[in-house]
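Heads up, entry14.pdb below (PDB, C-alpha atoms and all ligand atoms):
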```
MODEL        1
ATOM      1  CA  MET A 181     162.174   3.784  75.905  1.00  0.00           C
ATOM      2  CA  PHE A 182     158.574   3.015  74.954  1.00  0.00           C
ATOM      3  CA  GLU A 183     157.380   3.388  78.474  1.00  0.00           C
ATOM      4  CA  GLU A 184     158.901   6.839  78.907  1.00  0.00           C
ATOM      5  CA  GLU A 185     157.030   8.342  75.938  1.00  0.00           C
ATOM      6  CA  PRO A 186     153.537   8.890  77.497  1.00  0.00           C
ATOM      7  CA  GLU A 187     154.911  10.639  80.598  1.00  0.00           C
ATOM      8  CA  PRO A 188     155.243  14.242  79.321  1.00  0.00           C
ATOM      9  CA  GLU A 189     151.745  14.025  77.880  1.00  0.00           C
ATOM     10  CA  PHE A 190     150.409  12.748  81.166  1.00  0.00           C
ATOM     11  CA  GLU A 191     152.209  15.534  83.005  1.00  0.00           C
ATOM     12  CA  ILE A 192     150.725  18.169  80.745  1.00  0.00           C
ATOM     13  CA  PHE A 193     147.287  16.655  81.192  1.00  0.00           C
ATOM     14  CA  SER A 194     147.554  16.531  84.974  1.00  0.00           C
ATOM     15  CA  ALA A 195     148.929  20.079  85.099  1.00  0.00           C
ATOM     16  CA  LEU A 196     145.978  21.240  82.970  1.00  0.00           C
ATOM     17  CA  LEU A 197     143.553  19.345  85.142  1.00  0.00           C
ATOM     18  CA  PHE A 198     145.081  20.801  88.287  1.00  0.00           C
ATOM     19  CA  ASN A 199     144.948  24.343  86.879  1.00  0.00           C
ATOM     20  CA  SER A 200     141.345  23.880  85.757  1.00  0.00           C
ATOM     21  CA  LEU A 201     140.430  22.681  89.218  1.00  0.00           C
ATOM     22  CA  LYS A 202     142.114  25.723  90.732  1.00  0.00           C
ATOM     23  CA  ALA A 203     140.232  27.994  88.311  1.00  0.00           C
ATOM     24  CA  ILE A 204     136.910  26.315  89.087  1.00  0.00           C
ATOM     25  CA  THR A 205     137.549  26.557  92.837  1.00  0.00           C
ATOM     26  CA  PHE A 206     138.483  30.215  92.459  1.00  0.00           C
ATOM     27  CA  MET A 207     135.350  30.972  90.434  1.00  0.00           C
ATOM     28  CA  PHE A 208     133.261  29.074  92.955  1.00  0.00           C
ATOM     29  CA  PHE A 209     134.519  31.280  95.790  1.00  0.00           C
ATOM     30  CA  VAL A 210     134.237  34.460  93.731  1.00  0.00           C
ATOM     31  CA  SER A 211     130.632  33.693  92.815  1.00  0.00           C
ATOM     32  CA  PHE A 212     129.825  33.024  96.475  1.00  0.00           C
ATOM     33  CA  ALA A 213     131.434  36.293  97.460  1.00  0.00           C
ATOM     34  CA  MET A 214     129.249  38.001  94.869  1.00  0.00           C
ATOM     35  CA  ILE A 215     126.023  36.223  95.867  1.00  0.00           C
ATOM     36  CA  ASN A 216     126.335  36.877  99.605  1.00  0.00           C
ATOM     37  CA  PRO A 217     126.032  40.676  99.656  1.00  0.00           C
ATOM     38  CA  VAL A 218     122.900  40.457  97.492  1.00  0.00           C
ATOM     39  CA  ALA A 219     121.292  37.996  99.875  1.00  0.00           C
ATOM     40  CA  GLU A 220     122.338  40.171 102.843  1.00  0.00           C
ATOM     41  CA  SER A 221     120.794  43.330 101.395  1.00  0.00           C
ATOM     42  CA  GLY A 222     117.403  41.617 101.111  1.00  0.00           C
ATOM     43  CA  LYS A 223     117.385  41.066 104.853  1.00  0.00           C
ATOM     44  CA  VAL A 224     115.744  43.251 107.370  1.00  0.00           C
ATOM     45  CA  ASP A 225     117.854  44.606 110.207  1.00  0.00           C
ATOM     46  CA  PRO A 226     118.690  41.297 111.945  1.00  0.00           C
ATOM     47  CA  LYS A 227     118.626  43.028 115.323  1.00  0.00           C
ATOM     48  CA  ALA A 228     115.028  44.233 114.918  1.00  0.00           C
ATOM     49  CA  GLU A 229     112.573  42.684 117.383  1.00  0.00           C
ATOM     50  CA  MET A 230     109.379  43.983 115.806  1.00  0.00           C
ATOM     51  CA  MET A 231     108.368  45.752 112.628  1.00  0.00           C
ATOM     52  CA  ILE A 232     105.371  47.835 111.593  1.00  0.00           C
ATOM     53  CA  THR A 233     104.761  48.321 107.873  1.00  0.00           C
ATOM     54  CA  VAL A 234     102.246  50.884 106.592  1.00  0.00           C
ATOM     55  CA  THR A 235     101.525  50.748 102.865  1.00  0.00           C
ATOM     56  CA  TRP A 236      99.117  52.635 100.605  1.00  0.00           C
ATOM     57  CA  PRO A 237      98.502  52.237  96.858  1.00  0.00           C
ATOM     58  CA  ASP A 238     101.460  52.594  94.494  1.00  0.00           C
ATOM     59  CA  GLY A 239     101.612  55.927  92.737  1.00  0.00           C
ATOM     60  CA  SER A 240      99.132  57.621  95.080  1.00  0.00           C
ATOM     61  CA  PRO A 241     100.061  61.281  95.708  1.00  0.00           C
ATOM     62  CA  ASP A 242      98.504  61.111  99.190  1.00  0.00           C
ATOM     63  CA  ASP A 243     100.728  61.551 102.230  1.00  0.00           C
ATOM     64  CA  VAL A 244     100.039  59.114 105.050  1.00  0.00           C
ATOM     65  CA  ASP A 245     101.916  59.443 108.337  1.00  0.00           C
ATOM     66  CA  THR A 246     102.511  56.747 110.921  1.00  0.00           C
ATOM     67  CA  TYR A 247     102.623  57.448 114.660  1.00  0.00           C
ATOM     68  CA  VAL A 248     103.556  54.755 117.181  1.00  0.00           C
ATOM     69  CA  ALA A 249     103.566  55.088 120.967  1.00  0.00           C
ATOM     70  CA  ASP A 250     105.500  52.673 123.187  1.00  0.00           C
ATOM     71  CA  PRO A 251     104.641  51.743 126.815  1.00  0.00           C
ATOM     72  CA  ALA A 252     106.984  54.479 128.125  1.00  0.00           C
ATOM     73  CA  GLY A 253     105.024  57.148 126.248  1.00  0.00           C
ATOM     74  CA  ASN A 254     107.622  57.773 123.505  1.00  0.00           C
ATOM     75  CA  VAL A 255     106.012  58.571 120.169  1.00  0.00           C
ATOM     76  CA  VAL A 256     107.843  58.007 116.898  1.00  0.00           C
ATOM     77  CA  TRP A 257     106.675  60.106 113.909  1.00  0.00           C
ATOM     78  CA  TYR A 258     108.192  61.944 110.954  1.00  0.00           C
ATOM     79  CA  ASN A 259     109.654  64.736 113.086  1.00  0.00           C
ATOM     80  CA  ARG A 260     111.010  62.323 115.662  1.00  0.00           C
ATOM     81  CA  ARG A 261     112.225  59.383 113.675  1.00  0.00           C
ATOM     82  CA  GLU A 262     114.113  57.961 116.682  1.00  0.00           C
ATOM     83  CA  ALA A 263     112.089  57.611 119.867  1.00  0.00           C
ATOM     84  CA  GLY A 264     112.874  55.119 122.611  1.00  0.00           C
ATOM     85  CA  LEU A 265     113.902  51.959 120.776  1.00  0.00           C
ATOM     86  CA  MET A 266     111.722  52.764 117.738  1.00  0.00           C
ATOM     87  CA  HIS A 267     112.961  53.973 114.375  1.00  0.00           C
ATOM     88  CA  LEU A 268     110.940  55.319 111.418  1.00  0.00           C
ATOM     89  CA  ASP A 269     112.757  54.688 108.121  1.00  0.00           C
ATOM     90  CA  ARG A 270     111.447  57.766 106.288  1.00  0.00           C
ATOM     91  CA  ASP A 271     108.490  60.067 105.884  1.00  0.00           C
ATOM     92  CA  ASP A 272     106.967  58.810 102.644  1.00  0.00           C
ATOM     93  CA  ARG A 273     104.981  61.723 101.231  1.00  0.00           C
ATOM     94  CA  GLY A 274     103.160  59.993  98.398  1.00  0.00           C
ATOM     95  CA  MET A 275     104.897  60.847  95.141  1.00  0.00           C
ATOM     96  CA  PHE A 276     106.575  63.938  96.606  1.00  0.00           C
ATOM     97  CA  ARG A 277     110.364  63.472  96.276  1.00  0.00           C
ATOM     98  CA  ASP A 278     109.750  60.046  94.736  1.00  0.00           C
ATOM     99  CA  VAL A 279     109.995  61.515  91.237  1.00  0.00           C
ATOM    100  CA  ILE A 280     113.552  62.438  90.297  1.00  0.00           C
ATOM    101  CA  GLU A 281     115.193  63.723  87.133  1.00  0.00           C
ATOM    102  CA  LEU A 282     118.346  61.852  86.171  1.00  0.00           C
ATOM    103  CA  ASN A 283     120.207  62.620  82.919  1.00  0.00           C
ATOM    104  CA  GLY A 284     117.067  64.157  81.462  1.00  0.00           C
ATOM    105  CA  LYS A 285     114.971  61.089  82.312  1.00  0.00           C
ATOM    106  CA  THR A 286     112.181  61.015  84.847  1.00  0.00           C
ATOM    107  CA  ILE A 287     112.496  58.162  87.295  1.00  0.00           C
ATOM    108  CA  GLU A 288     109.589  57.365  89.579  1.00  0.00           C
ATOM    109  CA  ASN A 289     109.462  55.204  92.652  1.00  0.00           C
ATOM    110  CA  PRO A 290     105.768  54.311  92.915  1.00  0.00           C
ATOM    111  CA  LEU A 291     106.089  52.721  96.374  1.00  0.00           C
ATOM    112  CA  ASN A 292     104.222  54.307  99.272  1.00  0.00           C
ATOM    113  CA  GLN A 293     105.431  52.815 102.517  1.00  0.00           C
ATOM    114  CA  GLU A 294     106.618  53.749 105.995  1.00  0.00           C
ATOM    115  CA  ILE A 295     108.403  51.205 108.181  1.00  0.00           C
ATOM    116  CA  ILE A 296     108.996  51.363 111.909  1.00  0.00           C
ATOM    117  CA  SER A 297     111.499  48.937 113.396  1.00  0.00           C
ATOM    118  CA  PHE A 298     112.088  48.185 117.060  1.00  0.00           C
ATOM    119  CA  ARG A 299     115.561  47.417 118.406  1.00  0.00           C
ATOM    120  CA  GLY A 300     114.042  46.165 121.637  1.00  0.00           C
ATOM    121  CA  LEU A 301     110.657  45.673 123.276  1.00  0.00           C
ATOM    122  CA  SER A 302     109.248  46.313 126.697  1.00  0.00           C
ATOM    123  CA  ASP A 303     106.130  45.055 128.423  1.00  0.00           C
ATOM    124  CA  GLY A 304     103.073  47.265 128.176  1.00  0.00           C
ATOM    125  CA  GLU A 305     100.806  48.803 125.595  1.00  0.00           C
ATOM    126  CA  TYR A 306     101.771  49.957 122.108  1.00  0.00           C
ATOM    127  CA  THR A 307      99.517  52.118 119.913  1.00  0.00           C
ATOM    128  CA  VAL A 308      99.748  52.416 116.114  1.00  0.00           C
ATOM    129  CA  ASN A 309      97.980  55.362 114.460  1.00  0.00           C
ATOM    130  CA  ILE A 310      97.789  56.379 110.808  1.00  0.00           C
ATOM    131  CA  VAL A 311      97.062  59.906 109.659  1.00  0.00           C
ATOM    132  CA  HIS A 312      95.848  61.154 106.284  1.00  0.00           C
ATOM    133  CA  TYR A 313      98.164  64.159 106.155  1.00  0.00           C
ATOM    134  CA  ILE A 314      97.369  65.112 102.562  1.00  0.00           C
ATOM    135  CA  ALA A 315      94.454  63.646 100.651  1.00  0.00           C
ATOM    136  CA  ASN A 316      93.842  64.222  96.966  1.00  0.00           C
ATOM    137  CA  GLY A 317      90.638  62.275  96.616  1.00  0.00           C
ATOM    138  CA  GLY A 318      88.263  60.276  98.760  1.00  0.00           C
ATOM    139  CA  ASN A 319      88.966  57.228 100.854  1.00  0.00           C
ATOM    140  CA  LEU A 320      92.430  55.724 100.801  1.00  0.00           C
ATOM    141  CA  PRO A 321      92.980  52.048 101.687  1.00  0.00           C
ATOM    142  CA  VAL A 322      96.012  51.730 103.966  1.00  0.00           C
ATOM    143  CA  GLN A 323      97.497  48.383 104.933  1.00  0.00           C
ATOM    144  CA  VAL A 324      98.944  48.116 108.414  1.00  0.00           C
ATOM    145  CA  LYS A 325     101.043  45.103 109.374  1.00  0.00           C
ATOM    146  CA  VAL A 326     102.633  44.455 112.768  1.00  0.00           C
ATOM    147  CA  GLU A 327     105.109  41.587 113.024  1.00  0.00           C
ATOM    148  CA  LYS A 328     107.065  40.338 115.986  1.00  0.00           C
ATOM    149  CA  LEU A 329     110.320  38.959 114.599  1.00  0.00           C
ATOM    150  CA  ASN A 330     111.906  36.961 117.430  1.00  0.00           C
ATOM    151  CA  PRO A 331     112.284  34.128 118.207  1.00  0.00           C
ATOM    152  CA  LYS A 332     110.164  33.537 115.083  1.00  0.00           C
ATOM    153  CA  VAL A 333     108.089  35.830 112.874  1.00  0.00           C
ATOM    154  CA  THR A 334     104.592  36.210 114.360  1.00  0.00           C
ATOM    155  CA  LEU A 335     101.860  38.287 112.795  1.00  0.00           C
ATOM    156  CA  VAL A 336     100.382  40.486 115.536  1.00  0.00           C
ATOM    157  CA  PHE A 337      98.047  42.469 113.284  1.00  0.00           C
ATOM    158  CA  TYR A 338      97.246  42.838 109.595  1.00  0.00           C
ATOM    159  CA  ASP A 339      94.354  44.841 108.178  1.00  0.00           C
ATOM    160  CA  THR A 340      93.360  47.438 105.616  1.00  0.00           C
ATOM    161  CA  ILE A 341      91.966  50.662 107.020  1.00  0.00           C
ATOM    162  CA  ALA A 342      90.177  53.346 104.992  1.00  0.00           C
ATOM    163  CA  LEU A 343      91.430  56.845 105.708  1.00  0.00           C
ATOM    164  CA  THR A 344      88.739  59.335 104.815  1.00  0.00           C
ATOM    165  CA  GLY A 345      90.488  62.621 103.998  1.00  0.00           C
ATOM    166  CA  THR A 346      92.980  65.258 105.080  1.00  0.00           C
ATOM    167  CA  GLY A 347      93.366  65.324 108.856  1.00  0.00           C
ATOM    168  CA  ASP A 348      91.791  61.905 109.489  1.00  0.00           C
ATOM    169  CA  GLU A 349      93.643  60.134 112.312  1.00  0.00           C
ATOM    170  CA  GLN A 350      92.738  56.528 113.115  1.00  0.00           C
ATOM    171  CA  THR A 351      94.028  54.035 115.612  1.00  0.00           C
ATOM    172  CA  ALA A 352      94.943  51.003 113.538  1.00  0.00           C
ATOM    173  CA  VAL A 353      95.764  48.793 116.481  1.00  0.00           C
ATOM    174  CA  ARG A 354      96.653  48.757 120.163  1.00  0.00           C
ATOM    175  CA  PHE A 355      98.217  45.713 121.775  1.00  0.00           C
ATOM    176  CA  THR A 356      99.952  44.809 124.998  1.00  0.00           C
ATOM    177  CA  LEU A 357     103.175  42.841 125.261  1.00  0.00           C
ATOM    178  CA  ASP A 358     103.671  40.630 128.295  1.00  0.00           C
ATOM    179  CA  GLY A 359     106.963  38.815 127.805  1.00  0.00           C
ATOM    180  CA  ALA A 360     106.571  36.741 124.642  1.00  0.00           C
ATOM    181  CA  GLU A 361     102.774  37.070 124.800  1.00  0.00           C
ATOM    182  CA  VAL A 362     100.663  39.551 122.821  1.00  0.00           C
ATOM    183  CA  LYS A 363      97.429  40.508 124.597  1.00  0.00           C
ATOM    184  CA  ASP A 364      94.479  42.891 124.339  1.00  0.00           C
ATOM    185  CA  VAL A 365      94.641  43.513 120.589  1.00  0.00           C
ATOM    186  CA  ASN A 366      92.035  46.225 119.879  1.00  0.00           C
ATOM    187  CA  ASN A 367      91.552  49.478 118.016  1.00  0.00           C
ATOM    188  CA  LEU A 368      89.968  51.730 120.649  1.00  0.00           C
ATOM    189  CA  PRO A 369      90.710  55.259 119.415  1.00  0.00           C
ATOM    190  CA  ARG A 370      93.613  57.075 121.049  1.00  0.00           C
ATOM    191  CA  ASP A 371      94.881  60.406 119.765  1.00  0.00           C
ATOM    192  CA  LEU A 372      98.651  60.457 119.218  1.00  0.00           C
ATOM    193  CA  VAL A 373      99.034  63.537 116.986  1.00  0.00           C
ATOM    194  CA  ALA A 374      97.931  65.853 119.816  1.00  0.00           C
ATOM    195  CA  LEU A 375     100.622  64.349 122.070  1.00  0.00           C
ATOM    196  CA  THR A 376     103.368  65.323 119.657  1.00  0.00           C
ATOM    197  CA  ARG A 377     102.449  68.885 118.818  1.00  0.00           C
ATOM    198  CA  ASN A 378     104.646  70.482 121.490  1.00  0.00           C
ATOM    199  CA  ASP A 379     107.463  68.229 120.287  1.00  0.00           C
ATOM    200  CA  ALA A 380     108.656  69.863 117.105  1.00  0.00           C
ATOM    201  CA  PRO A 381     107.413  71.994 114.234  1.00  0.00           C
ATOM    202  CA  VAL A 382     105.082  70.366 111.753  1.00  0.00           C
ATOM    203  CA  LYS A 383     106.222  69.993 108.159  1.00  0.00           C
ATOM    204  CA  PRO A 384     104.912  72.661 105.797  1.00  0.00           C
ATOM    205  CA  ALA A 385     102.265  71.181 103.538  1.00  0.00           C
ATOM    206  CA  PRO A 386     103.491  71.432  99.940  1.00  0.00           C
ATOM    207  CA  SER A 387     101.093  72.103  97.089  1.00  0.00           C
ATOM    208  CA  LEU A 388     101.194  68.948  95.026  1.00  0.00           C
ATOM    209  CA  ASP A 389     100.138  68.270  91.506  1.00  0.00           C
ATOM    210  CA  ALA A 390      97.782  65.325  92.026  1.00  0.00           C
ATOM    211  CA  ALA A 391      98.742  63.782  88.663  1.00  0.00           C
ATOM    212  CA  THR A 392     102.524  63.769  89.093  1.00  0.00           C
ATOM    213  CA  GLY A 393     102.986  64.225  92.812  1.00  0.00           C
ATOM    214  CA  GLU A 394     105.461  67.001  92.080  1.00  0.00           C
ATOM    215  CA  GLU A 395     105.516  70.155  94.128  1.00  0.00           C
ATOM    216  CA  VAL A 396     103.808  73.141  92.558  1.00  0.00           C
ATOM    217  CA  LYS A 397     105.946  76.237  93.093  1.00  0.00           C
TER     218      LYS A 397
HETATM  219 CA    CA B   1     104.197  60.299 105.300  1.00  0.00          CA
HETATM  220 CA    CA B   2     106.133  57.259  98.030  1.00  0.00          CA
ENDMDL
END
```
Could you write out this file's structure as C-alpha cells?
Ligand SMILES: [Ca+2]
Ligand SMILES: [Ca+2]
Amino acid sequence: MFEEEPEPEFEIFSALLFNSLKAITFMFFVSFAMINPVAESGKVDPKAEMMITVTWPDGSPDDVDTYVADPAGNVVWYNRREAGLMHLDRDDRGMFRDVIELNGKTIENPLNQEIISFRGLSDGEYTVNIVHYIANGGNLPVQVKVEKLNPKVTLVFYDTIALTGTGDEQTAVRFTLDGAEVKDVNNLPRDLVALTRNDAPVKPAPSLDAATGEEVK
C-alpha cells in the first residue's frame, strides 16, 4: 500500500520531463531552421570563382561604372550585365534610385558599390576599368578589390584610385591567370569603353540634384 503511493506522482513527473524534453528539442530544431537562412543570405554566390568589388564613398551622388574584359574579349558593363562567365550585379548610379519614398518616409541606401562575379575562369589576361560617368565635384576615391575565391580566398588586387571628373576612364588593374597562378599584375592603360560603344545604346545621363541624388525633372 505504502509503496504504491509515490507511483502516480513519479509518472506525472516523468511525463512532464518527457514533454519538456520534446518541447526543448522542438525549439532547438526550430531555432536552427530560423538561423540557417540568415547565415545563408550573408554568403556570396558559392559557385563564384572570382569577385571584383568597386566601392566609392557612401552618399556620393557620383556615378561610377565598372568595365571588365575577360581573355576572350567579352566586356561586362552596365548595358551588358552578362558577358562570358561574368555578371555585374547592378549599375549603381550614386544616389540615383537609391532614395525611395515609402509610406511618406524617405529611405536612403547610402551604399555605392558595383560587384562583378565570375562563374568560371579561363587562362589569359583580365582588365578592370573604372569610369567616372557623372561627377559632381572634384576627385573621387574609388576602391577596387579583386579576389579569387577558390580553393581559398586570395587577394589579387586592392587599391584606391582617384577618378578626376566626368568621362575619366582608368585601368585599375590588369592581371593574367595561368591555372591557379596570378601573373603580370599591372595597370597599363587600356581603353574598354571604346570597345563597347557599338554594343548597345548608352544610358541617358539624368540631371541629378547633387545634394539628394534625386533626378531633376
Ligand atoms: Ca554606375
Ligand atoms: Ca548607390
Inset, instruction - Taking the file as shown, find all residues satisfying the PyMOL selection byres (((chain A and resi 279) around 8) and not hetatm) and write them as a ChimeraX atom specification. - result: /A:275-278,280-281,286-289,393-394
Which residues, written as a PDB file with C-alpha atoms, in the coordinates of the input, have at least one atom at most 6 Å from range 234-246 of chain A, with all atoms listed in the file counted and residues fewer than 5 positions away on the same chain left out?
```
ATOM      1  CA  ARG A 273     104.981  61.723 101.231  1.00  0.00           C
ATOM      2  CA  GLY A 274     103.160  59.993  98.398  1.00  0.00           C
ATOM      3  CA  MET A 275     104.897  60.847  95.141  1.00  0.00           C
ATOM      4  CA  PRO A 290     105.768  54.311  92.915  1.00  0.00           C
ATOM      5  CA  LEU A 291     106.089  52.721  96.374  1.00  0.00           C
ATOM      6  CA  ASN A 292     104.222  54.307  99.272  1.00  0.00           C
ATOM      7  CA  GLN A 293     105.431  52.815 102.517  1.00  0.00           C
ATOM      8  CA  GLU A 294     106.618  53.749 105.995  1.00  0.00           C
ATOM      9  CA  ASN A 309      97.980  55.362 114.460  1.00  0.00           C
ATOM     10  CA  ILE A 310      97.789  56.379 110.808  1.00  0.00           C
ATOM     11  CA  VAL A 311      97.062  59.906 109.659  1.00  0.00           C
ATOM     12  CA  HIS A 312      95.848  61.154 106.284  1.00  0.00           C
ATOM     13  CA  TYR A 313      98.164  64.159 106.155  1.00  0.00           C
ATOM     14  CA  ILE A 314      97.369  65.112 102.562  1.00  0.00           C
ATOM     15  CA  ALA A 315      94.454  63.646 100.651  1.00  0.00           C
ATOM     16  CA  VAL A 322      96.012  51.730 103.966  1.00  0.00           C
ATOM     17  CA  GLN A 323      97.497  48.383 104.933  1.00  0.00           C
ATOM     18  CA  VAL A 324      98.944  48.116 108.414  1.00  0.00           C
ATOM     19  CA  ALA A 390      97.782  65.325  92.026  1.00  0.00           C
ATOM     20  CA  GLY A 393     102.986  64.225  92.812  1.00  0.00           C
TER      21      GLY A 393
END
```
Inset, instruction - Pick out the residues sitting within 6 Å of Thr351 in chain A, and hand them over as a list in words; count only C-alpha atoms, and ignore anything fewer than 5 positions along from it in its own chain. - result: Val308, Asn309, Asn367 and Pro369 of chain A
Next, the residues of the selection above should be written as a compact mmCIF listing (two decimals), in the coordinates of the input with C-alpha atoms.
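Result written to selection14.txt:
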```
# COMPACT_ATOMS: atom_id res chain seq x y z
CA VAL A 308 99.75 52.42 116.11
CA ASN A 309 97.98 55.36 114.46
CA ASN A 367 91.55 49.48 118.02
CA PRO A 369 90.71 55.26 119.42
```
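With all atoms listed in the file as the atoms that count, the residue of A:Ala360, A:Arg261, A:Lys332, A:Gly318 with the shortest distance to ligand CA 1 (chain B) is A:Arg261.
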Inset, instruction - Fewer than 4 positions away in the same chain doesn't count, so skip those; otherwise give me all residues within 8 Å of Pro251 in chain A, counting all atoms listed in the file, as JSON, numbers by chain. - result: {"A": [302, 303, 304, 305, 306]}
Inset, instruction - Mind giving me the straight-line distance from CA of Val248 in chain A to CA of Gly317 in chain A in Å, one decimal? - result: 25.4 Å
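Distances to ligand CA 2 (chain B) were evaluated for A:Asp250, A:Glu191, A:Asp272, A:Glu229 using only C-alpha atoms and all ligand atoms, and the minimum falls at A:Asp272.
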Legend entry - Residue among A:Lys383, A:Lys227, A:Lys325, A:Lys202 lying closest to ligand CA 1 (chain B), counting all atoms listed in the file: A:Lys383
Legend entry - Top pick for closest residue to ligand CA 2 (chain B), considering A:Val353, A:Arg270, A:Phe298, A:Asp364 and counting all atoms listed in the file: A:Arg270
Legend entry - Residue contacts of Thr334 in chain A (10 Å, all atoms listed in the file) excluding same-chain residues fewer than 5 positions away, as a VMD selection string: chain A and resid 230 326 to 329 362
Legend entry - A:Arg370, A:Leu265, A:Leu375, A:Asn319 ranked by distance to Thr340 in chain A, top pick (using only C-alpha atoms):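 Checking each of A:Arg370, A:Leu265, A:Leu375, A:Asn319 against Thr340 in chain A, counting only C-alpha atoms, the winner is A:Asn319.
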Legend entry - Contacts of Asn254 in chain A at 7 Å (all atoms listed in the file; same-chain gap of 3+ positions) as a list of chain:residue names: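 Selected residues are A:Ala249, A:Asp250, A:Ala263, A:Gly264.
Going from CA of Ser297 in chain A over to CA of Met231 in chain A, you cover 4.5 Å.
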Legend entry - Coordinates-based distance that separates CA of Pro321 in chain A from CA of Tyr338 in chain A (Å, one decimal): 12.9 Å
Inset, instruction - Go through A:Phe337, A:Met207, A:Ala252, A:Gly347 and flag the residue nearest Val373 in chain A, using all atoms listed in the file for the distances. - result: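 Of all the options, A:Gly347 lies closest to Val373 in chain A.
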Legend entry - Resolved residues for the PyMOL selection byres (((chain A and resi 343) around 6) and not hetatm) as a list in words: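 That expression, the PyMOL selection byres (((chain A and resi 343) around 6) and not hetatm), corresponds here to Asn319, Leu320, Ala342 and Thr344 of chain A.
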